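**Student:** What follows is data_9.pdb; its format and atoms are PDB, C-alpha atoms and all ligand atoms.
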```pdb
ATOM      1  CA  MET A   1     -26.039  14.638  59.956
ATOM      2  CA  SER A   2     -25.864  11.432  57.825
ATOM      3  CA  GLY A   3     -23.015   8.977  58.368
ATOM      4  CA  GLN A   4     -21.617   9.737  54.919
ATOM      5  CA  ARG A   5     -21.574  13.525  55.523
ATOM      6  CA  LEU A   6     -19.998  13.036  58.928
ATOM      7  CA  LEU A   7     -17.309  10.911  57.308
ATOM      8  CA  ARG A   8     -16.684  13.598  54.667
ATOM      9  CA  LEU A   9     -16.321  16.218  57.399
ATOM     10  CA  ARG A  10     -13.930  13.977  59.301
ATOM     11  CA  GLU A  11     -11.866  13.436  56.129
ATOM     12  CA  CYS A  12     -11.813  17.194  55.482
ATOM     13  CA  LEU A  13     -10.413  17.765  58.943
ATOM     14  CA  PHE A  14      -8.099  14.774  59.365
ATOM     15  CA  GLY A  15      -7.682  13.261  55.880
ATOM     16  CA  LEU A  16      -8.367   9.691  54.760
ATOM     17  CA  ALA A  17      -7.808   6.816  57.183
ATOM     18  CA  PRO A  18      -4.186   5.609  56.857
ATOM     19  CA  TRP A  19      -3.534   2.623  54.587
ATOM     20  CA  ASP A  20      -0.530   0.520  53.721
ATOM     21  CA  ALA A  21      -0.273  -1.403  50.430
ATOM     22  CA  SER A  22       2.679  -3.438  51.720
ATOM     23  CA  ARG A  23       0.143  -5.435  53.778
ATOM     24  CA  ILE A  24      -1.558  -6.901  50.700
ATOM     25  CA  THR A  25      -1.534 -10.701  50.722
ATOM     26  CA  ASP A  26      -4.513 -11.578  48.553
ATOM     27  CA  GLU A  27      -3.850 -11.960  44.806
ATOM     28  CA  TRP A  28      -7.432 -11.130  43.773
ATOM     29  CA  PHE A  29      -7.183  -7.922  45.786
ATOM     30  CA  ARG A  30      -3.796  -7.078  44.273
ATOM     31  CA  ALA A  31      -5.025  -7.689  40.693
ATOM     32  CA  HIS A  32      -7.860  -5.182  41.167
ATOM     33  CA  PHE A  33      -6.121  -2.693  43.466
ATOM     34  CA  GLU A  34      -3.134  -2.421  41.148
ATOM     35  CA  TYR A  35      -3.675  -3.720  37.600
ATOM     36  CA  ALA A  36      -7.402  -3.061  37.008
ATOM     37  CA  ALA A  37      -7.340   0.372  38.659
ATOM     38  CA  ASP A  38      -4.256   1.395  36.671
ATOM     39  CA  VAL A  39      -5.825   0.345  33.367
ATOM     40  CA  VAL A  40      -9.072   2.191  34.154
ATOM     41  CA  HIS A  41      -7.054   5.254  35.116
ATOM     42  CA  GLN A  42      -4.896   5.112  31.981
ATOM     43  CA  TRP A  43      -7.951   4.981  29.729
ATOM     44  CA  MET A  44     -10.164   7.459  31.568
ATOM     45  CA  GLY A  45      -7.442   9.770  32.859
ATOM     46  CA  GLY A  46      -6.677  10.979  29.333
ATOM     47  CA  ALA A  47     -10.307  11.987  28.806
ATOM     48  CA  LEU A  48     -11.225  13.514  32.173
ATOM     49  CA  ASP A  49      -9.710  14.511  35.489
ATOM     50  CA  VAL A  50     -10.544  11.634  37.841
ATOM     51  CA  ARG A  51      -9.808  13.890  40.840
ATOM     52  CA  THR A  52     -12.783  16.124  40.095
ATOM     53  CA  ALA A  53     -15.037  13.854  38.016
ATOM     54  CA  ARG A  54     -18.264  12.250  39.200
ATOM     55  CA  LEU A  55     -17.843   8.598  38.262
ATOM     56  CA  LEU A  56     -20.172   5.616  38.036
ATOM     57  CA  ASN A  57     -18.945   2.016  38.076
ATOM     58  CA  PHE A  58     -21.453  -0.331  36.423
ATOM     59  CA  GLY A  59     -20.967  -3.847  37.842
ATOM     60  CA  CYS A  60     -18.643  -2.722  40.614
ATOM     61  CA  GLY A  61     -18.408  -6.138  42.301
ATOM     62  CA  ASP A  62     -16.547  -5.859  45.596
ATOM     63  CA  GLY A  63     -15.455  -2.250  44.916
ATOM     64  CA  ILE A  64     -11.703  -2.909  45.220
ATOM     65  CA  THR A  65     -10.971  -1.135  41.920
ATOM     66  CA  ASP A  66     -12.994   1.884  43.077
ATOM     67  CA  LEU A  67     -11.091   1.966  46.364
ATOM     68  CA  ALA A  68      -7.804   1.983  44.435
ATOM     69  CA  LEU A  69      -8.980   4.772  42.144
ATOM     70  CA  VAL A  70      -9.551   6.887  45.254
ATOM     71  CA  LEU A  71      -6.404   5.917  47.161
ATOM     72  CA  ARG A  72      -3.918   5.608  44.298
ATOM     73  CA  HIS A  73      -5.325   7.976  41.683
ATOM     74  CA  GLY A  74      -7.125  10.633  43.738
ATOM     75  CA  ALA A  75     -10.732  10.030  42.625
ATOM     76  CA  THR A  76     -13.198  11.832  44.877
ATOM     77  CA  ALA A  77     -16.649  10.603  43.803
ATOM     78  CA  ILE A  78     -17.387   7.064  42.615
ATOM     79  CA  HIS A  79     -20.799   5.430  42.817
ATOM     80  CA  GLY A  80     -20.751   1.667  42.303
ATOM     81  CA  VAL A  81     -23.826  -0.250  41.176
ATOM     82  CA  ASP A  82     -24.249  -3.987  41.004
ATOM     83  CA  ILE A  83     -26.960  -6.629  41.131
ATOM     84  CA  ARG A  84     -25.049  -8.379  43.963
ATOM     85  CA  ARG A  85     -23.870  -7.032  47.288
ATOM     86  CA  GLU A  86     -20.200  -7.980  47.258
ATOM     87  CA  TYR A  87     -19.259  -4.343  47.966
ATOM     88  CA  THR A  88     -20.627  -4.720  51.523
ATOM     89  CA  LYS A  89     -17.431  -6.715  52.184
ATOM     90  CA  LEU A  90     -15.203  -3.785  51.227
ATOM     91  CA  PRO A  91     -14.744  -2.364  54.769
ATOM     92  CA  ARG A  92     -13.590  -5.776  56.015
ATOM     93  CA  ILE A  93     -11.403  -6.332  52.945
ATOM     94  CA  ALA A  94      -9.793  -2.869  53.231
ATOM     95  CA  ARG A  95      -9.033  -3.500  56.889
ATOM     96  CA  ALA A  96      -7.481  -6.918  56.180
ATOM     97  CA  GLN A  97      -5.497  -5.971  53.040
ATOM     98  CA  LEU A  98      -4.538  -2.349  53.748
ATOM     99  CA  GLY A  99      -5.005  -1.919  57.491
ATOM    100  CA  MET A 100      -7.505   0.798  56.592
ATOM    101  CA  ALA A 101     -10.043   1.509  59.316
ATOM    102  CA  ARG A 102     -12.674   3.242  57.161
ATOM    103  CA  VAL A 103     -13.602   3.129  53.485
ATOM    104  CA  PRO A 104     -13.361   6.681  52.041
ATOM    105  CA  ALA A 105     -16.504   8.801  51.842
ATOM    106  CA  ALA A 106     -15.770   9.217  48.121
ATOM    107  CA  LEU A 107     -17.237   5.742  47.601
ATOM    108  CA  THR A 108     -20.950   4.975  47.586
ATOM    109  CA  PHE A 109     -22.628   1.784  46.444
ATOM    110  CA  GLU A 110     -26.040   0.579  45.411
ATOM    111  CA  THR A 111     -27.678  -2.773  44.656
ATOM    112  CA  ILE A 112     -30.091  -2.812  41.722
ATOM    113  CA  ALA A 113     -32.338  -5.355  40.084
ATOM    114  CA  PRO A 114     -30.958  -6.259  36.624
ATOM    115  CA  GLY A 115     -31.931  -3.591  34.110
ATOM    116  CA  THR A 116     -33.100  -0.993  36.650
ATOM    117  CA  PRO A 117     -32.856   2.440  35.000
ATOM    118  CA  LEU A 118     -30.272   4.683  36.658
ATOM    119  CA  ALA A 119     -30.486   7.918  34.689
ATOM    120  CA  GLY A 120     -33.345   9.338  36.769
ATOM    121  CA  ARG A 121     -31.159   9.283  39.889
ATOM    122  CA  HIS A 122     -27.676   9.551  38.400
ATOM    123  CA  ALA A 123     -27.864  12.131  35.648
ATOM    124  CA  GLY A 124     -24.933  14.334  34.636
ATOM    125  CA  VAL A 125     -22.069  12.009  35.578
ATOM    126  CA  ASP A 126     -18.705  12.760  33.967
ATOM    127  CA  GLY A 127     -17.495   9.209  33.477
ATOM    128  CA  ILE A 128     -18.677   5.593  33.630
ATOM    129  CA  MET A 129     -16.529   2.490  33.826
ATOM    130  CA  SER A 130     -17.374  -1.175  33.586
ATOM    131  CA  TRP A 131     -14.865  -3.971  34.065
ATOM    132  CA  SER A 132     -15.595  -7.597  33.113
ATOM    133  CA  THR A 133     -19.328  -7.062  33.465
ATOM    134  CA  PHE A 134     -21.012  -6.719  30.078
ATOM    135  CA  GLU A 135     -20.450 -10.368  29.164
ATOM    136  CA  HIS A 136     -22.775 -11.192  32.092
ATOM    137  CA  VAL A 137     -25.661  -8.893  31.124
ATOM    138  CA  GLN A 138     -28.602 -10.703  29.530
ATOM    139  CA  ARG A 139     -28.775 -10.076  25.772
ATOM    140  CA  GLU A 140     -32.187  -8.414  25.773
ATOM    141  CA  GLN A 141     -31.020  -5.992  28.471
ATOM    142  CA  LEU A 142     -27.857  -4.868  26.688
ATOM    143  CA  LEU A 143     -29.343  -2.095  24.579
ATOM    144  CA  PRO A 144     -31.728  -0.682  27.248
ATOM    145  CA  ILE A 145     -28.901  -0.656  29.815
ATOM    146  CA  LEU A 146     -26.459   1.017  27.443
ATOM    147  CA  ARG A 147     -29.074   3.620  26.467
ATOM    148  CA  ASP A 148     -29.693   4.294  30.156
ATOM    149  CA  LEU A 149     -25.953   4.657  30.838
ATOM    150  CA  HIS A 150     -25.735   7.031  27.880
ATOM    151  CA  ALA A 151     -28.519   9.064  29.503
ATOM    152  CA  CYS A 152     -26.574   9.099  32.832
ATOM    153  CA  LEU A 153     -23.605  10.867  31.215
ATOM    154  CA  ARG A 154     -23.321  14.605  30.788
ATOM    155  CA  PRO A 155     -22.786  15.764  27.188
ATOM    156  CA  GLY A 156     -19.147  15.031  26.340
ATOM    157  CA  GLY A 157     -18.883  12.458  29.164
ATOM    158  CA  VAL A 158     -16.938   9.207  28.641
ATOM    159  CA  PHE A 159     -17.510   5.506  29.260
ATOM    160  CA  PHE A 160     -14.630   3.040  29.599
ATOM    161  CA  LEU A 161     -15.826  -0.518  28.976
ATOM    162  CA  GLN A 162     -13.656  -3.634  29.235
ATOM    163  CA  ILE A 163     -14.506  -7.319  28.752
ATOM    164  CA  GLU A 164     -12.132 -10.219  29.416
ATOM    165  CA  PRO A 165     -12.314 -13.074  28.614
ATOM    166  CA  LEU A 166     -14.565 -12.873  25.551
ATOM    167  CA  PHE A 167     -16.694 -15.991  25.132
ATOM    168  CA  PHE A 168     -15.122 -17.475  21.993
ATOM    169  CA  SER A 169     -11.556 -17.057  23.256
ATOM    170  CA  PRO A 170      -9.568 -20.002  24.690
ATOM    171  CA  PHE A 171     -10.836 -19.497  28.261
ATOM    172  CA  GLY A 172     -13.985 -17.546  27.437
ATOM    173  CA  SER A 173     -16.027 -19.872  29.640
ATOM    174  CA  HIS A 174     -14.598 -18.181  32.767
ATOM    175  CA  LEU A 175     -13.943 -21.748  33.987
ATOM    176  CA  ARG A 176     -10.153 -21.745  33.719
ATOM    177  CA  ARG A 177      -9.757 -21.984  37.471
ATOM    178  CA  TYR A 178     -11.118 -25.550  37.083
ATOM    179  CA  ASP A 179     -10.337 -26.493  33.486
ATOM    180  CA  ASP A 180      -7.146 -25.408  31.727
ATOM    181  CA  VAL A 181      -7.945 -26.899  28.296
ATOM    182  CA  PRO A 182      -8.222 -24.044  25.765
ATOM    183  CA  TRP A 183     -11.623 -23.691  24.013
ATOM    184  CA  HIS A 184     -12.937 -26.698  25.957
ATOM    185  CA  HIS A 185     -16.347 -25.015  26.321
ATOM    186  CA  LEU A 186     -16.687 -24.946  22.518
ATOM    187  CA  LEU A 187     -15.596 -28.577  22.162
ATOM    188  CA  ALA A 188     -17.099 -30.505  25.076
ATOM    189  CA  SER A 189     -20.701 -30.944  26.199
ATOM    190  CA  GLU A 190     -22.036 -29.045  29.213
ATOM    191  CA  ASP A 191     -22.308 -32.331  31.112
ATOM    192  CA  ALA A 192     -18.649 -33.102  30.435
ATOM    193  CA  LEU A 193     -17.585 -29.631  31.582
ATOM    194  CA  TRP A 194     -19.632 -29.877  34.757
ATOM    195  CA  ARG A 195     -18.082 -33.277  35.536
ATOM    196  CA  ILE A 196     -14.580 -31.776  35.201
ATOM    197  CA  ILE A 197     -15.515 -29.007  37.615
ATOM    198  CA  GLN A 198     -17.197 -31.383  40.055
ATOM    199  CA  ASN A 199     -14.159 -33.665  40.054
ATOM    200  CA  HIS A 200     -11.657 -30.826  40.480
ATOM    201  CA  GLU A 201      -9.626 -31.104  43.664
ATOM    202  CA  GLY A 202      -6.936 -28.977  45.183
ATOM    203  CA  PRO A 203      -6.271 -25.250  45.182
ATOM    204  CA  ILE A 204      -7.370 -22.880  42.419
ATOM    205  CA  ASP A 205      -5.376 -19.910  41.102
ATOM    206  CA  ALA A 206      -5.423 -17.340  43.921
ATOM    207  CA  ALA A 207      -5.823 -14.433  41.481
ATOM    208  CA  GLU A 208      -9.117 -16.015  40.331
ATOM    209  CA  VAL A 209     -10.612 -16.520  43.789
ATOM    210  CA  ASP A 210     -12.860 -13.624  44.707
ATOM    211  CA  PHE A 211     -14.051 -12.749  48.190
ATOM    212  CA  GLY A 212     -17.344 -14.589  47.560
ATOM    213  CA  PHE A 213     -15.562 -17.951  47.694
ATOM    214  CA  ALA A 214     -15.709 -18.215  51.483
ATOM    215  CA  ASP A 215     -19.496 -17.632  51.459
ATOM    216  CA  PHE A 216     -20.140 -20.401  48.965
ATOM    217  CA  GLY A 217     -17.686 -23.062  50.136
ATOM    218  CA  VAL A 218     -15.835 -25.360  47.704
ATOM    219  CA  ASP A 219     -18.893 -27.072  46.132
ATOM    220  CA  GLY A 220     -21.171 -24.035  46.286
ATOM    221  CA  TYR A 221     -18.546 -21.984  44.467
ATOM    222  CA  LYS A 222     -18.319 -24.628  41.741
ATOM    223  CA  ARG A 223     -22.101 -24.446  41.241
ATOM    224  CA  PHE A 224     -22.019 -20.625  41.253
ATOM    225  CA  VAL A 225     -19.203 -20.400  38.711
ATOM    226  CA  PHE A 226     -20.856 -22.963  36.409
ATOM    227  CA  LYS A 227     -24.181 -21.103  36.513
ATOM    228  CA  GLU A 228     -22.330 -17.907  35.638
ATOM    229  CA  TYR A 229     -20.820 -19.732  32.657
ATOM    230  CA  GLN A 230     -24.249 -20.893  31.492
ATOM    231  CA  ALA A 231     -25.601 -17.329  31.739
ATOM    232  CA  LEU A 232     -22.828 -15.688  29.678
ATOM    233  CA  ASN A 233     -24.282 -13.685  26.774
ATOM    234  CA  ARG A 234     -21.548 -14.849  24.321
ATOM    235  CA  LEU A 235     -21.034 -11.312  23.056
ATOM    236  CA  THR A 236     -18.253 -10.734  20.517
ATOM    237  CA  ALA A 237     -16.200  -7.539  20.296
ATOM    238  CA  ASP A 238     -17.893  -6.638  16.987
ATOM    239  CA  GLU A 239     -21.345  -7.123  18.504
ATOM    240  CA  LEU A 240     -20.348  -4.978  21.473
ATOM    241  CA  VAL A 241     -19.190  -2.152  19.222
ATOM    242  CA  GLY A 242     -22.456  -2.409  17.271
ATOM    243  CA  VAL A 243     -24.677  -2.228  20.342
ATOM    244  CA  VAL A 244     -22.799   0.680  22.012
ATOM    245  CA  GLN A 245     -23.124   2.647  18.762
ATOM    246  CA  GLN A 246     -26.826   1.803  18.596
ATOM    247  CA  ALA A 247     -27.134   3.174  22.138
ATOM    248  CA  GLY A 248     -25.762   6.514  20.937
ATOM    249  CA  PHE A 249     -22.068   6.326  21.903
ATOM    250  CA  ALA A 250     -19.194   7.293  19.650
ATOM    251  CA  VAL A 251     -16.208   4.946  19.867
ATOM    252  CA  GLU A 252     -13.287   7.245  20.606
ATOM    253  CA  ARG A 253     -10.655   4.561  21.077
ATOM    254  CA  GLN A 254     -10.596   0.791  21.041
ATOM    255  CA  GLU A 255      -8.115  -1.992  21.600
ATOM    256  CA  ARG A 256      -8.505  -5.723  21.125
ATOM    257  CA  ARG A 257      -6.080  -8.233  22.624
ATOM    258  CA  ASP A 258      -5.595 -11.742  21.305
ATOM    259  CA  MET A 259      -4.247 -14.913  22.883
ATOM    260  CA  ASP A 260      -1.256 -16.466  21.196
ATOM    261  CA  LEU A 261      -2.705 -19.978  20.954
ATOM    262  CA  GLN A 262      -3.534 -21.947  17.812
ATOM    263  CA  PRO A 263      -7.208 -22.957  17.635
ATOM    264  CA  PRO A 264      -7.902 -26.620  16.727
ATOM    265  CA  PRO A 265      -8.978 -27.299  13.097
ATOM    266  CA  GLU A 266     -12.507 -28.367  14.107
ATOM    267  CA  LEU A 267     -13.122 -24.922  15.618
ATOM    268  CA  LEU A 268     -11.521 -23.130  12.680
ATOM    269  CA  ALA A 269     -14.065 -24.912  10.500
ATOM    270  CA  ARG A 270     -16.869 -23.343  12.578
ATOM    271  CA  TYR A 271     -15.599 -19.891  13.613
ATOM    272  CA  PRO A 272     -13.245 -17.204  12.219
ATOM    273  CA  GLU A 273      -9.746 -17.437  13.719
ATOM    274  CA  GLU A 274      -9.807 -13.805  14.905
ATOM    275  CA  LEU A 275     -12.952 -14.539  16.940
ATOM    276  CA  LEU A 276     -11.345 -17.582  18.577
ATOM    277  CA  ARG A 277      -8.203 -15.674  19.555
ATOM    278  CA  ASN A 278      -9.728 -12.356  20.649
ATOM    279  CA  ASN A 279      -9.618 -12.513  24.422
ATOM    280  CA  GLU A 280     -10.161  -8.916  25.528
ATOM    281  CA  VAL A 281     -11.708  -5.679  24.331
ATOM    282  CA  PHE A 282     -11.273  -2.139  25.676
ATOM    283  CA  LEU A 283     -13.513   0.693  24.504
ATOM    284  CA  LEU A 284     -13.434   4.376  25.309
ATOM    285  CA  LEU A 285     -16.850   5.723  24.383
ATOM    286  CA  ARG A 286     -18.084   9.279  24.336
ATOM    287  CA  LYS A 287     -21.467  10.953  24.492
ATOM    288  CA  ALA A 288     -21.729  13.745  21.952
ATOM    289  CA  GLY A 289     -21.831  17.385  22.991
ATOM    290  CA  GLY A 290     -20.126  19.409  25.711
ATOM    291  CA  GLY A 291     -17.388  20.688  23.446
ATOM    292  CA  ALA A 292     -15.714  17.263  23.346
ATOM    293  CA  PRO A 293     -13.388  16.433  20.458
ATOM    294  CA  ALA A 294     -15.325  15.313  17.353
TER     295      ALA A 294
HETATM  296  C1  LIG B 301     -16.933 -10.705  36.856
HETATM  297  S1  LIG B 301     -17.766  -9.640  37.942
HETATM  298  C2  LIG B 301     -16.767  -8.172  37.841
HETATM  299  C3  LIG B 301     -16.928  -7.296  39.043
HETATM  300  C4  LIG B 301     -15.958  -6.109  39.108
HETATM  301  N1  LIG B 301     -16.128  -5.224  37.991
HETATM  302  C5  LIG B 301     -14.549  -6.614  39.200
HETATM  303  O1  LIG B 301     -13.743  -6.295  38.319
HETATM  304  O2  LIG B 301     -14.235  -7.347  40.137
HETATM  305  C6  LIG B 301     -19.213  -9.160  37.036
HETATM  306  C7  LIG B 301     -20.115  -8.269  37.856
HETATM  307  O3  LIG B 301     -21.199  -7.815  37.047
HETATM  308  C8  LIG B 301     -22.341  -7.779  37.859
HETATM  309  N2  LIG B 301     -23.510  -7.756  36.975
HETATM  310  C9  LIG B 301     -23.947  -8.716  36.155
HETATM  311  N3  LIG B 301     -25.059  -8.327  35.501
HETATM  312  C10 LIG B 301     -25.306  -7.064  35.911
HETATM  313  C11 LIG B 301     -26.341  -6.105  35.606
HETATM  314  N4  LIG B 301     -27.321  -6.387  34.751
HETATM  315  N5  LIG B 301     -26.287  -4.905  36.226
HETATM  316  C12 LIG B 301     -25.287  -4.618  37.085
HETATM  317  N6  LIG B 301     -24.299  -5.474  37.425
HETATM  318  C13 LIG B 301     -24.318  -6.691  36.842
HETATM  319  C14 LIG B 301     -22.207  -9.032  38.703
HETATM  320  O4  LIG B 301     -23.028  -9.047  39.828
HETATM  321  C15 LIG B 301     -20.738  -8.995  39.042
HETATM  322  O5  LIG B 301     -20.456  -8.270  40.215
END
```
What do you get writing this file as structure tokens?

**Tutor:**
Amino acid sequence: MSGQRLLRLRECLFGLAPWDASRITDEWFRAHFEYAADVVHQWMGGALDVRTARLLNFGCGDGITDLALVLRHGATAIHGVDIRREYTKLPRIARAQLGMARVPAALTFETIAPGTPLAGRHAGVDGIMSWSTFEHVQREQLLPILRDLHACLRPGGVFFLQIEPLFFSPFGSHLRRYDDVPWHHLLASEDALWRIIQNHEGPIDAAEVDFGFADFGVDGYKRFVFKEYQALNRLTADELVGVVQQAGFAVERQERRDMDLQPPPELLARYPEELLRNNEVFLLLRKAGGGAPA
């Protein structure tokens, strides 16, 4: 019997390994285990029953949000995919932050090469979620990936997609942990930004430090974060809505959140104000069919 099936049997007989949220000390963990999981659940929970749904998390990262969806919201089947392998740290993270001896059998993970089609192996899923991932997908892969995710869903299935921060927003560079000047990435040269990061000393906001930090070390993490900035696809909320519709999704619900900061005149001369202030977008998308609401 495979390890996963043995674990399922064990959970059927004895339940999930005990866990204790009062042990949480890490702010990155808390932000995903509580806030991100609750938002995903609020958006998806109105459209499907997470306790019985087969779910796919595109760009699952370390899998903390998936773990919370199982432990706090009763999800029973989540498959996380990512181009990195941060989720391999989840057993250690769950032990350290929750005192949990085993990650639930409800969670499975997979590493893919960017753009690898999933629909052949993951057809008929009820729901897909993606949190802070689509701003990192290369432009030319956006439409093929979204079409493939559309093909993964059963008719009537839903896709919850969130992006924050959007590129043109005050901290859309994802570099705020090193540079707190709003819109600096639209005002300064890349060389100037890199110098600020290189010269940064002292602690960074704990809620922004993921579990990859220890692998990279202080300077390696700076290089990693800057490369991530350079690779951002600069997608706007309008462009995102356009490409998901092109991929075949209907937008069932959407919300855009703005930052209450005044853009400098030189940026207002180049970009619309709404673009500069729009920091976050949430979309609930649906695949047609299956008796879903029109
Ligand atoms: C900012 S992290 C967010 C991770 C996770 N959703 C979270 O909230 O912690 C973005 C994630 O997207 C993943 N990613 C980027 N491009 C991807 C692609 N083409 N396919 C799958 N995952 C991708 C990255 O490896 C990374 O784990």

**Student:** For chain A against ligand LIG 301 (chain B), with a cut-off of 6 Å and counting all atoms listed in the file, what is the closest atom pair and its distance in Å to one decimal for every residue that makes the cut, ordered by chain and number, as a tab-separated table?

**Tutor:**
```
residue	atom	partner	partner_atom	distance
A:Phe58	CA	B:LIG301	C12	5.8
A:Gly59	CA	B:LIG301	N6	3.7
A:Cys60	CA	B:LIG301	N1	4.4
A:Gly61	CA	B:LIG301	O5	3.6
A:Asp82	CA	B:LIG301	N6	3.9
A:Ile83	CA	B:LIG301	N6	4.7
A:Arg84	CA	B:LIG301	O4	4.7
A:Pro114	CA	B:LIG301	N4	4.1
A:Gly115	CA	B:LIG301	N4	5.4
A:Trp131	CA	B:LIG301	N1	4.3
A:Ser132	CA	B:LIG301	C2	4.9
A:Thr133	CA	B:LIG301	O3	4.1
A:His136	CA	B:LIG301	C9	4.9
A:Val137	CA	B:LIG301	N3	4.5
```

**Student:** Give me, as a tab-separated table, each residue of segment 142-250 of chain A that comes within 10 Å of segment 261-277 of chain A, together with its shortest interatomic pair and the distance in Å at one decimal, counting all atoms listed in the file, with rows ordered by chain and rising residue number.

**Tutor:**
```
residue	atom	partner	partner_atom	distance
A:Leu166	CA	A:Leu275	CA	8.9
A:Phe167	CA	A:Leu276	CA	8.6
A:Phe168	CA	A:Leu276	CA	5.1
A:Ser169	CA	A:Leu276	CA	4.7
A:Pro170	CA	A:Leu276	CA	6.8
A:Phe171	CA	A:Arg277	CA	9.9
A:Gly172	CA	A:Leu276	CA	9.2
A:Pro182	CA	A:Pro263	CA	8.3
A:Trp183	CA	A:Pro263	CA	7.8
A:Leu186	CA	A:Leu267	CA	7.8
A:Leu187	CA	A:Leu267	CA	7.9
A:Thr236	CA	A:Leu275	CA	7.4
A:Ala237	CA	A:Leu275	CA	8.4
A:Asp238	CA	A:Leu275	CA	9.3
```

**Student:** Looking at all atoms listed in the file, which of A:Asp62, A:Asp148, A:Glu135, A:Glu27 is the one that sits closest to Val209 of chain A?

**Tutor:**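 For Val209 of chain A, the nearest of the given residues is A:Glu27.
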
**Student:** Identify which of the residues A:Gly217, A:Gly124, A:Pro165, A:Pro104 lies closest to Gly74 of chain A, counting only C-alpha atoms when measuring atom-to-atom distances.

**Tutor:**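 Checking each of A:Gly217, A:Gly124, A:Pro165, A:Pro104 against Gly74 of chain A, counting only C-alpha atoms, the winner is A:Pro104.
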
**Student:** Quick one: apply the PyMOL selection byres (((chain A and resi 161) around 7) and not hetatm) to the file and drop the selected residues here as JSON, numbers by chain.

**Tutor:** {"A": [129, 130, 131, 159, 160, 162, 163, 282, 283, 284]}

**Student:** Write to file, as an mmCIF file, in the frame of the given file, the residues of the selection just made, with C-alpha atoms.

**Tutor:**
```cif
data_model
loop_
_atom_site.group_PDB
_atom_site.id
_atom_site.type_symbol
_atom_site.label_atom_id
_atom_site.label_comp_id
_atom_site.auth_asym_id
_atom_site.auth_seq_id
_atom_site.Cartn_x
_atom_site.Cartn_y
_atom_site.Cartn_z
ATOM 1 C CA MET A 129 -16.529 2.490 33.826
ATOM 2 C CA SER A 130 -17.374 -1.175 33.586
ATOM 3 C CA TRP A 131 -14.865 -3.971 34.065
ATOM 4 C CA PHE A 159 -17.510 5.506 29.260
ATOM 5 C CA PHE A 160 -14.630 3.040 29.599
ATOM 6 C CA GLN A 162 -13.656 -3.634 29.235
ATOM 7 C CA ILE A 163 -14.506 -7.319 28.752
ATOM 8 C CA PHE A 282 -11.273 -2.139 25.676
ATOM 9 C CA LEU A 283 -13.513 0.693 24.504
ATOM 10 C CA LEU A 284 -13.434 4.376 25.309
#
```

**Student:** Per residue of segment 82-177 of chain A within 7 Å of segment 3-18 of chain A, note the shortest atom pair and the distance in Å to one decimal, counting only C-alpha atoms, and order the rows by chain and increasing residue number, as CSV.

**Tutor:**
```
residue,atom,partner,partner_atom,distance
A:Met100,CA,A:Pro18,CA,5.9
A:Ala101,CA,A:Ala17,CA,6.1
A:Arg102,CA,A:Ala17,CA,6.0
A:Pro104,CA,A:Leu16,CA,6.4
A:Ala105,CA,A:Arg8,CA,5.6
```

**Student:** Please report the interatomic distance between atom CA of Leu149 of chain A and atom CA of Leu118 of chain A in Å with one decimal.

**Tutor:**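 Pair atom CA of Leu149 of chain A / atom CA of Leu118 of chain A returns 7.2 Å.
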
**Student:** Which residue, A:Ile112, A:Lys89, A:Gln246, A:Val40, has the smallest gap to Asp215 of chain A when you use only C-alpha atoms?

**Tutor:** A:Lys89

**Student:** Please complete segment 238-244 of chain A so it has N, CA, C and O atoms, and hand it over as a PDB file, in the coordinates of the input.

**Tutor:**
```pdb
ATOM      1  N   ASP A 238     -17.158  -7.349  18.046  1.00  0.00           N
ATOM      2  CA  ASP A 238     -17.893  -6.638  16.987  1.00  0.00           C
ATOM      3  C   ASP A 238     -19.330  -6.353  17.416  1.00  0.00           C
ATOM      4  O   ASP A 238     -19.865  -5.269  17.155  1.00  0.00           O
ATOM      5  N   GLU A 239     -19.964  -7.338  18.041  1.00  0.00           N
ATOM      6  CA  GLU A 239     -21.345  -7.123  18.504  1.00  0.00           C
ATOM      7  C   GLU A 239     -21.390  -6.021  19.559  1.00  0.00           C
ATOM      8  O   GLU A 239     -22.306  -5.197  19.576  1.00  0.00           O
ATOM      9  N   LEU A 240     -20.386  -6.010  20.440  1.00  0.00           N
ATOM     10  CA  LEU A 240     -20.348  -4.978  21.473  1.00  0.00           C
ATOM     11  C   LEU A 240     -20.250  -3.588  20.839  1.00  0.00           C
ATOM     12  O   LEU A 240     -20.990  -2.666  21.212  1.00  0.00           O
ATOM     13  N   VAL A 241     -19.343  -3.455  19.886  1.00  0.00           N
ATOM     14  CA  VAL A 241     -19.190  -2.152  19.222  1.00  0.00           C
ATOM     15  C   VAL A 241     -20.511  -1.747  18.560  1.00  0.00           C
ATOM     16  O   VAL A 241     -20.953  -0.595  18.666  1.00  0.00           O
ATOM     17  N   GLY A 242     -21.184  -2.713  17.927  1.00  0.00           N
ATOM     18  CA  GLY A 242     -22.456  -2.409  17.271  1.00  0.00           C
ATOM     19  C   GLY A 242     -23.496  -1.916  18.263  1.00  0.00           C
ATOM     20  O   GLY A 242     -24.174  -0.910  18.017  1.00  0.00           O
ATOM     21  N   VAL A 243     -23.600  -2.582  19.411  1.00  0.00           N
ATOM     22  CA  VAL A 243     -24.677  -2.228  20.342  1.00  0.00           C
ATOM     23  C   VAL A 243     -24.372  -0.909  21.070  1.00  0.00           C
ATOM     24  O   VAL A 243     -25.284  -0.124  21.349  1.00  0.00           O
ATOM     25  N   VAL A 244     -23.083  -0.614  21.351  1.00  0.00           N
ATOM     26  CA  VAL A 244     -22.799   0.680  22.012  1.00  0.00           C
ATOM     27  C   VAL A 244     -23.087   1.833  21.045  1.00  0.00           C
ATOM     28  O   VAL A 244     -23.591   2.885  21.450  1.00  0.00           O
TER      29      VAL A 244
END
```
